[in-house]
>>> print(open('my_file-v2.txt').read())   # compact mmCIF, C-alpha atoms
# COMPACT_ATOMS: atom_id res chain seq x y z
CA MET A 129 46.20 19.45 17.96
CA ILE A 130 45.07 20.92 14.63
CA LYS A 131 46.14 17.74 12.85
CA ALA A 132 44.17 15.65 15.34
CA ILE A 133 41.05 17.75 14.81
CA SER A 134 41.48 17.48 11.04
CA LEU A 135 41.79 13.71 11.30
CA LEU A 136 38.64 13.48 13.42
CA LEU A 137 36.72 15.61 10.93
CA ALA A 138 37.96 13.46 8.08
CA LEU A 139 36.89 10.30 9.89
CA ALA A 140 33.48 11.81 10.64
CA GLY A 141 33.08 12.62 6.96
CA PHE A 142 34.07 9.06 6.05
CA VAL A 143 31.48 7.59 8.43
CA THR A 144 28.77 9.87 7.06
CA ALA A 145 29.64 8.92 3.50
CA ALA A 146 29.63 5.23 4.38
CA GLN A 147 26.19 5.55 5.98
CA ALA A 148 24.88 7.42 2.95
CA GLN A 149 26.25 4.70 0.68
CA ASP A 150 24.42 2.03 2.69
CA VAL A 151 21.16 3.97 2.48
CA ALA A 152 21.56 4.46 -1.26
CA ALA A 153 22.34 0.77 -1.71
CA GLY A 154 19.29 -0.14 0.34
CA GLN A 155 17.07 2.07 -1.80
CA GLN A 156 18.24 0.22 -4.89
CA LYS A 157 17.57 -3.14 -3.23
CA ALA A 158 14.10 -2.22 -1.97
CA ALA A 159 12.30 -3.06 -5.23
CA MET A 160 11.18 -6.39 -3.77
CA CYS A 161 9.77 -4.62 -0.70
CA ILE A 162 7.79 -1.73 -2.15
CA GLY A 163 5.02 -3.90 -3.62
CA CYS A 164 3.75 -4.37 -0.06
CA HIS A 165 5.53 -1.87 2.19
CA GLY A 166 5.38 1.05 -0.25
CA ILE A 167 1.59 1.12 -0.63
CA PRO A 168 -0.35 2.89 2.15
CA GLY A 169 -3.08 0.67 3.58
CA TYR A 170 -1.97 -2.41 1.65
CA GLN A 171 -3.34 -5.60 3.20
CA ALA A 172 -1.85 -9.06 3.57
CA THR A 173 -3.97 -12.20 3.87
CA PHE A 174 -1.70 -14.49 5.91
CA PRO A 175 -2.26 -15.72 8.55
CA GLN A 176 -5.36 -13.50 8.43
CA VAL A 177 -6.24 -10.23 6.70
CA HIS A 178 -4.29 -7.33 8.17
CA LYS A 179 -2.47 -4.22 7.03
CA VAL A 180 1.17 -4.71 6.11
CA PRO A 181 3.34 -3.13 8.82
CA MET A 182 4.79 0.32 8.42
CA ILE A 183 8.59 0.01 8.35
CA ALA A 184 9.69 3.50 7.27
CA GLY A 185 11.18 5.05 10.42
CA GLN A 186 11.61 1.70 12.16
CA GLY A 187 14.99 1.07 13.80
CA ALA A 188 17.62 -0.49 11.54
CA GLY A 189 18.65 -2.95 14.24
CA TYR A 190 15.13 -4.30 14.51
CA ILE A 191 14.64 -4.57 10.74
CA THR A 192 17.86 -6.54 10.47
CA ALA A 193 16.85 -8.78 13.37
CA ALA A 194 13.41 -9.40 11.83
CA LEU A 195 14.85 -10.28 8.42
CA THR A 196 17.36 -12.60 10.07
CA ALA A 197 14.53 -14.31 11.97
CA TYR A 198 12.55 -14.81 8.76
CA ALA A 199 15.61 -16.17 6.96
CA SER A 200 16.42 -18.64 9.75
CA GLY A 201 12.83 -19.83 10.10
CA GLU A 202 12.39 -18.43 13.60
CA ARG A 203 9.53 -16.49 12.06
CA LYS A 204 7.48 -18.84 9.92
CA HIS A 205 5.97 -16.57 7.29
CA PRO A 206 6.33 -18.17 3.82
CA THR A 207 6.53 -14.98 1.76
CA MET A 208 8.88 -13.15 4.09
CA ARG A 209 11.06 -16.21 4.58
CA GLY A 210 11.46 -16.59 0.81
CA ILE A 211 12.49 -12.94 0.48
CA ALA A 212 14.77 -12.87 3.53
CA ALA A 213 16.51 -16.11 2.57
CA SER A 214 17.59 -14.50 -0.69
CA LEU A 215 19.35 -11.63 1.11
CA SER A 216 22.95 -11.46 2.28
CA GLU A 217 23.84 -9.86 5.61
CA LYS A 218 24.97 -6.79 3.65
CA ASP A 219 21.65 -6.65 1.82
CA MET A 220 19.77 -6.77 5.12
CA ALA A 221 21.93 -4.03 6.61
CA ASP A 222 21.48 -1.81 3.54
CA LEU A 223 17.69 -2.27 3.49
CA ALA A 224 17.52 -1.60 7.23
CA ALA A 225 19.54 1.60 6.86
CA PHE A 226 17.30 2.77 4.03
CA TYR A 227 14.02 2.17 5.85
CA GLU A 228 15.29 3.67 9.11
CA GLN A 229 15.96 6.99 7.43
CA GLN A 230 13.04 6.93 4.97
CA GLY A 231 10.69 9.79 5.68
CA LYS A 232 12.72 11.16 8.59
CA GLY A 233 11.68 14.65 9.59
CA GLN A 234 8.17 14.28 8.17
CA LYS A 235 6.64 13.72 11.61
CA ALA A 236 7.01 15.66 14.83
CA ALA A 237 9.01 13.87 17.51
CA PRO A 238 6.65 12.08 19.91
CA ALA A 239 6.61 13.04 23.58
CA ASP A 240 8.96 11.11 25.85
CA THR A 241 6.05 9.52 27.69
CA ALA A 242 3.05 7.90 26.04
CA VAL A 243 -0.50 9.14 26.49
CA ALA A 244 -1.90 7.49 29.61
CA ALA A 245 -3.72 4.27 28.87
CA PRO A 246 -7.19 3.51 30.24
CA ALA A 247 -6.92 1.72 33.57
CA PRO A 248 -7.62 -1.80 32.22
CA VAL A 249 -5.02 -1.37 29.46
CA ALA A 250 -2.50 0.16 31.86
CA GLU A 251 -2.86 -2.94 34.00
CA LEU A 252 -2.14 -5.15 30.99
CA LEU A 253 0.89 -3.05 30.00
CA ASN A 254 2.28 -3.36 33.52
CA LYS A 255 1.61 -7.08 33.60
CA GLY A 256 3.53 -7.54 30.37
CA ALA A 257 6.26 -5.05 31.34
CA CYS A 258 5.92 -3.68 27.80
CA ALA A 259 7.59 -0.31 28.43
CA SER A 260 10.67 -1.98 29.93
CA CYS A 261 11.68 -3.12 26.44
CA HIS A 262 9.83 -0.81 24.06
CA GLY A 263 10.33 2.47 25.95
CA ALA A 264 8.05 4.73 27.95
CA ASN A 265 6.56 6.20 24.77
CA PHE A 266 6.86 2.96 22.74
CA ASN A 267 9.02 4.86 20.22
CA LYS A 268 12.38 4.44 21.93
CA PRO A 269 13.14 0.74 22.52
CA VAL A 270 15.86 0.00 25.07
CA ALA A 271 17.79 -2.19 22.62
CA PRO A 272 18.37 -1.72 18.87
CA ASN A 273 16.83 -5.10 17.99
CA TYR A 274 13.49 -4.24 19.65
CA PRO A 275 10.81 -2.56 17.52
CA LYS A 276 9.08 0.77 17.81
CA LEU A 277 5.38 0.03 18.37
CA ALA A 278 3.60 3.38 18.68
CA GLY A 279 1.29 4.15 15.79
CA GLN A 280 1.78 0.79 14.10
CA HIS A 281 -1.33 -0.73 12.51
CA GLY A 282 -3.43 -2.30 15.25
CA ASP A 283 -4.51 -5.30 13.18
CA TYR A 284 -0.88 -6.08 12.36
CA LEU A 285 0.15 -5.74 16.01
CA LEU A 286 -2.59 -8.16 17.00
CA VAL A 287 -1.44 -10.72 14.41
CA ALA A 288 2.17 -10.31 15.56
CA LEU A 289 1.28 -10.75 19.23
CA LYS A 290 -0.85 -13.82 18.53
CA SER A 291 1.96 -15.34 16.47
CA TYR A 292 4.08 -15.60 19.62
CA GLN A 293 1.31 -17.65 21.25
CA THR A 294 1.29 -20.15 18.40
CA GLY A 295 3.32 -23.33 18.73
CA HIS A 296 6.90 -22.82 17.59
CA ASN A 297 6.61 -25.15 14.61
CA ALA A 298 3.23 -23.91 13.39
CA LEU A 299 2.96 -21.94 10.16
CA GLY A 300 2.80 -18.24 10.98
CA ALA A 301 4.48 -18.65 14.38
CA ARG A 302 7.30 -16.58 15.82
CA GLY A 303 9.83 -18.29 18.04
CA ASN A 304 11.12 -15.48 20.27
CA ALA A 305 11.17 -16.97 23.78
CA ILE A 306 10.86 -13.65 25.63
CA MET A 307 7.80 -12.53 23.68
CA ALA A 308 6.26 -15.99 23.85
CA GLY A 309 6.48 -15.93 27.63
CA GLN A 310 4.89 -12.48 27.81
CA VAL A 311 1.95 -12.94 25.47
CA LYS A 312 0.91 -16.31 26.87
CA GLN A 313 -0.36 -14.40 29.92
CA PHE A 314 -3.08 -12.75 27.86
CA SER A 315 -6.35 -13.70 26.22
CA ALA A 316 -7.08 -12.79 22.60
CA ALA A 317 -9.35 -9.98 23.80
CA GLU A 318 -6.60 -8.56 26.01
CA LEU A 319 -4.08 -8.69 23.17
CA LYS A 320 -6.53 -6.75 21.03
CA GLN A 321 -6.83 -4.09 23.73
CA LEU A 322 -3.04 -3.76 23.85
CA ALA A 323 -2.75 -3.61 20.05
CA ASN A 324 -5.44 -0.94 19.73
CA TYR A 325 -3.86 1.23 22.42
CA LEU A 326 -0.39 1.04 20.88
CA ALA A 327 -1.83 1.83 17.45
CA SER A 328 -3.50 4.95 18.85
CA LEU A 329 -0.22 6.49 20.04
CA PRO A 330 1.73 9.13 18.09
CA GLY A 331 4.73 7.50 16.50
CA GLU A 332 7.47 7.78 13.91
CA LEU A 333 6.42 4.85 11.72
CA GLN A 334 4.87 5.46 8.34
CA THR A 335 4.42 4.11 4.85
CA VAL A 336 6.12 6.24 2.24
CA PRO A 337 4.42 5.72 -1.13
CA GLN A 338 6.82 4.37 -3.75
CA SER A 339 6.41 3.56 -7.39
CA ARG A 340 7.49 0.22 -8.80
CA PHE A 341 8.95 2.19 -11.70
CA ARG A 342 11.90 4.22 -10.52
>>> encode(input="my_file-v2.txt", output="structure tokens")
Amino acid sequence: MIKAISLLLALAGFVTAAQAQDVAAGQQKAAMCIGCHGIPGYQATFPQVHKVPMIAGQGAGYITAALTAYASGERKHPTMRGIAASLSEKDMADLAAFYEQQGKGQKAAPADTAVAAPAPVAELLNKGACASCHGANFNKPVAPNYPKLAGQHGDYLLVALKSYQTGHNALGARGNAIMAGQVKQFSAAELKQLANYLASLPGELQTVPQSRFR
């Protein structure tokens, strides 16, 4: 019994060390990311001007899925595709591990249920069944490859939502069939209402300032 416990503790230590190694490797590989994602309030200009999304605190599974989608061309963003296409699966996993843990503990854990939305927005959320994938507080997605949305920049969320409405082959489009089916129900004004509400919620996402010279 004692030997079994010792073995389990040793294995637990090995797993922790392996995770730490991935995070450390990701930090070293993040130099190409910090020029945009390490500057609070930094703005992109494609497909329109918007703040670059906060990825510190985002789930590793989602970051990996997003990078994979950029690399494959499912997401048609020229800059991100060029970066993602240069990464191996290990690189993506390391970067995802790094950004998931970056800044952890700097924000209070959000409540399990989101602040009630105004009636018109609540109707839109129900119509899109948003909480069924992204969680009741929009911080705890039901699957690892779904993103946390609460507190994300509203202008970025709007651009992301509109990108699913764009034709699959258009520049700036995203090809996820589930999201495409959901957002096509909404007008641009309704998508903006959804984006602004989600941005107003307390969340775990943040931009951790980083220097290019480390």
>>> closest_residue(input="my_file-v2.txt", among="A:Arg209, A:Lys204, A:His281, A:Lys320", to="His178 of chain A", atoms="all atoms listed in the file")
A:His281
>>> atom_distance(input="my_file-v2.txt", atom1="atom CA of Ser291 of chain A", atom2="atom CA of Phe226 of chain A")
26.8 Å
>>> residues_around(input="my_file-v2.txt", residues="Tyr274 of chain A", least_positions_apart="4", cutoff="7 Å", atoms="only C-alpha atoms", output="JSON, numbers by chain")
{"A": [190, 262, 269]}
>>> atom_distance(input="my_file-v2.txt", atom1="atom CA of Ala212 of chain A", atom2="atom CA of Lys157 of chain A")
12.2 Å
>>> atom_distance(input="my_file-v2.txt", atom1="atom CA of Tyr292 of chain A", atom2="atom CA of Glu202 of chain A")
10.6 Å
>>> closest_residue(input="my_file-v2.txt", among="A:Gln229, A:Gln186, A:Asn265, A:Ser216", to="Tyr325 of chain A", atoms="only C-alpha atoms")
A:Asn265
>>> closest_residue(input="my_file-v2.txt", among="A:Met160, A:Asn273, A:Gln293, A:Phe174", to="Thr196 of chain A", atoms="all atoms listed in the file")
A:Asn273
>>> closest_residue(input="my_file-v2.txt", among="A:Ala239, A:Ala193, A:Cys261, A:Ala245", to="Asn324 of chain A", atoms="all atoms listed in the file")
A:Ala245
>>> residues_around(input="my_file-v2.txt", residues="Gly201 of chain A", least_positions_apart="6", cutoff="12 Å", atoms="all atoms listed in the file", output="VMD selection string")
chain A and resid 194 to 195 207 to 213 296 to 304
>>> residues_around(input="my_file-v2.txt", residues="segment 250-255 of chain A", least_positions_apart="5", cutoff="10 Å", atoms="all atoms listed in the file", output="list in words")
Ala244, Ala245, Ser260, Gln310, Gln313, Phe314, Glu318, Leu319, Gln321, Leu322 and Tyr325 of chain A
>>> closest_residue(input="my_file-v2.txt", among="A:Ala264, A:Leu286, A:Ala257, A:Pro337", to="Gly309 of chain A", atoms="all atoms listed in the file")
A:Ala257
>>> residues_near_point(input="my_file-v2.txt", point="(2.8, 3.9, 19.8)", cutoff="7 Å", atoms="all atoms listed in the file", output="list in words")
Asn265, Phe266, Asn267, Leu277, Ala278, Gly279, Gln280, Leu326, Ala327, Ser328, Leu329, Pro330 and Gly331 of chain A
>>> closest_residue(input="my_file-v2.txt", among="A:Ala236, A:Val249, A:Ala158, A:Ile183", to="Leu215 of chain A", atoms="all atoms listed in the file")
A:Ala158
>>> residues_around(input="my_file-v2.txt", residues="Gln171 of chain A", least_positions_apart="4", cutoff="12 Å", atoms="all atoms listed in the file", output="VMD selection string")
chain A and resid 163 to 167 175 to 182 281 283 to 284
>>> build_atoms(input="my_file-v2.txt", residues="segment 257-282 of chain A", atoms="N, CA and C atoms", output="PDB file, keeping the file's coordinate frame")
ATOM      1  N   ALA A 257       5.027  -5.844  31.264  1.00  0.00           N
ATOM      2  CA  ALA A 257       6.260  -5.050  31.340  1.00  0.00           C
ATOM      3  C   ALA A 257       6.664  -4.531  29.968  1.00  0.00           C
ATOM      4  N   CYS A 258       5.681  -4.074  29.191  1.00  0.00           N
ATOM      5  CA  CYS A 258       5.920  -3.680  27.800  1.00  0.00           C
ATOM      6  C   CYS A 258       6.899  -2.510  27.668  1.00  0.00           C
ATOM      7  N   ALA A 259       6.742  -1.506  28.535  1.00  0.00           N
ATOM      8  CA  ALA A 259       7.590  -0.310  28.430  1.00  0.00           C
ATOM      9  C   ALA A 259       9.046  -0.612  28.781  1.00  0.00           C
ATOM     10  N   SER A 260       9.301  -1.680  29.528  1.00  0.00           N
ATOM     11  CA  SER A 260      10.670  -1.980  29.930  1.00  0.00           C
ATOM     12  C   SER A 260      11.546  -2.362  28.741  1.00  0.00           C
ATOM     13  N   CYS A 261      10.927  -2.794  27.666  1.00  0.00           N
ATOM     14  CA  CYS A 261      11.680  -3.120  26.440  1.00  0.00           C
ATOM     15  C   CYS A 261      11.440  -2.089  25.334  1.00  0.00           C
ATOM     16  N   HIS A 262      10.193  -1.643  25.212  1.00  0.00           N
ATOM     17  CA  HIS A 262       9.830  -0.810  24.060  1.00  0.00           C
ATOM     18  C   HIS A 262       9.843   0.686  24.370  1.00  0.00           C
ATOM     19  N   GLY A 263      10.196   1.065  25.595  1.00  0.00           N
ATOM     20  CA  GLY A 263      10.330   2.470  25.950  1.00  0.00           C
ATOM     21  C   GLY A 263       9.052   3.059  26.505  1.00  0.00           C
ATOM     22  N   ALA A 264       9.200   4.115  27.279  1.00  0.00           N
ATOM     23  CA  ALA A 264       8.050   4.730  27.950  1.00  0.00           C
ATOM     24  C   ALA A 264       7.043   5.298  26.967  1.00  0.00           C
ATOM     25  N   ASN A 265       7.502   5.684  25.774  1.00  0.00           N
ATOM     26  CA  ASN A 265       6.560   6.200  24.770  1.00  0.00           C
ATOM     27  C   ASN A 265       6.372   5.215  23.623  1.00  0.00           C
ATOM     28  N   PHE A 266       6.958   4.026  23.731  1.00  0.00           N
ATOM     29  CA  PHE A 266       6.860   2.960  22.740  1.00  0.00           C
ATOM     30  C   PHE A 266       7.436   3.376  21.379  1.00  0.00           C
ATOM     31  N   ASN A 267       8.278   4.408  21.403  1.00  0.00           N
ATOM     32  CA  ASN A 267       9.020   4.860  20.220  1.00  0.00           C
ATOM     33  C   ASN A 267      10.529   4.719  20.399  1.00  0.00           C
ATOM     34  N   LYS A 268      10.948   4.490  21.646  1.00  0.00           N
ATOM     35  CA  LYS A 268      12.380   4.440  21.930  1.00  0.00           C
ATOM     36  C   LYS A 268      12.709   3.125  22.652  1.00  0.00           C
ATOM     37  N   PRO A 269      12.818   2.033  21.890  1.00  0.00           N
ATOM     38  CA  PRO A 269      13.140   0.740  22.520  1.00  0.00           C
ATOM     39  C   PRO A 269      14.477   0.810  23.240  1.00  0.00           C
ATOM     40  N   VAL A 270      14.637  -0.028  24.262  1.00  0.00           N
ATOM     41  CA  VAL A 270      15.860   0.000  25.070  1.00  0.00           C
ATOM     42  C   VAL A 270      17.011  -0.720  24.403  1.00  0.00           C
ATOM     43  N   ALA A 271      16.743  -1.489  23.360  1.00  0.00           N
ATOM     44  CA  ALA A 271      17.790  -2.190  22.620  1.00  0.00           C
ATOM     45  C   ALA A 271      17.514  -2.035  21.126  1.00  0.00           C
ATOM     46  N   PRO A 272      18.559  -1.973  20.305  1.00  0.00           N
ATOM     47  CA  PRO A 272      18.370  -1.720  18.870  1.00  0.00           C
ATOM     48  C   PRO A 272      17.551  -2.790  18.155  1.00  0.00           C
ATOM     49  N   ASN A 273      17.549  -4.024  18.674  1.00  0.00           N
ATOM     50  CA  ASN A 273      16.830  -5.100  17.990  1.00  0.00           C
ATOM     51  C   ASN A 273      15.375  -5.232  18.440  1.00  0.00           C
ATOM     52  N   TYR A 274      14.898  -4.281  19.269  1.00  0.00           N
ATOM     53  CA  TYR A 274      13.490  -4.240  19.650  1.00  0.00           C
ATOM     54  C   TYR A 274      12.768  -3.220  18.769  1.00  0.00           C
ATOM     55  N   PRO A 275      11.503  -3.469  18.425  1.00  0.00           N
ATOM     56  CA  PRO A 275      10.810  -2.560  17.520  1.00  0.00           C
ATOM     57  C   PRO A 275      10.142  -1.371  18.198  1.00  0.00           C
ATOM     58  N   LYS A 276       9.991  -0.302  17.430  1.00  0.00           N
ATOM     59  CA  LYS A 276       9.080   0.770  17.810  1.00  0.00           C
ATOM     60  C   LYS A 276       7.665   0.246  17.549  1.00  0.00           C
ATOM     61  N   LEU A 277       6.752   0.535  18.471  1.00  0.00           N
ATOM     62  CA  LEU A 277       5.380   0.030  18.370  1.00  0.00           C
ATOM     63  C   LEU A 277       4.342   1.127  18.176  1.00  0.00           C
ATOM     64  N   ALA A 278       4.607   2.315  18.685  1.00  0.00           N
ATOM     65  CA  ALA A 278       3.600   3.380  18.680  1.00  0.00           C
ATOM     66  C   ALA A 278       3.164   3.720  17.267  1.00  0.00           C
ATOM     67  N   GLY A 279       1.845   3.754  17.071  1.00  0.00           N
ATOM     68  CA  GLY A 279       1.290   4.150  15.790  1.00  0.00           C
ATOM     69  C   GLY A 279       1.258   3.064  14.738  1.00  0.00           C
ATOM     70  N   GLN A 280       1.815   1.893  15.052  1.00  0.00           N
ATOM     71  CA  GLN A 280       1.780   0.790  14.100  1.00  0.00           C
ATOM     72  C   GLN A 280       0.332   0.329  13.909  1.00  0.00           C
ATOM     73  N   HIS A 281       0.032  -0.264  12.766  1.00  0.00           N
ATOM     74  CA  HIS A 281      -1.330  -0.730  12.510  1.00  0.00           C
ATOM     75  C   HIS A 281      -1.774  -1.712  13.597  1.00  0.00           C
ATOM     76  N   GLY A 282      -2.949  -1.457  14.167  1.00  0.00           N
ATOM     77  CA  GLY A 282      -3.430  -2.300  15.250  1.00  0.00           C
ATOM     78  C   GLY A 282      -3.681  -3.728  14.827  1.00  0.00           C
TER      79      GLY A 282
END
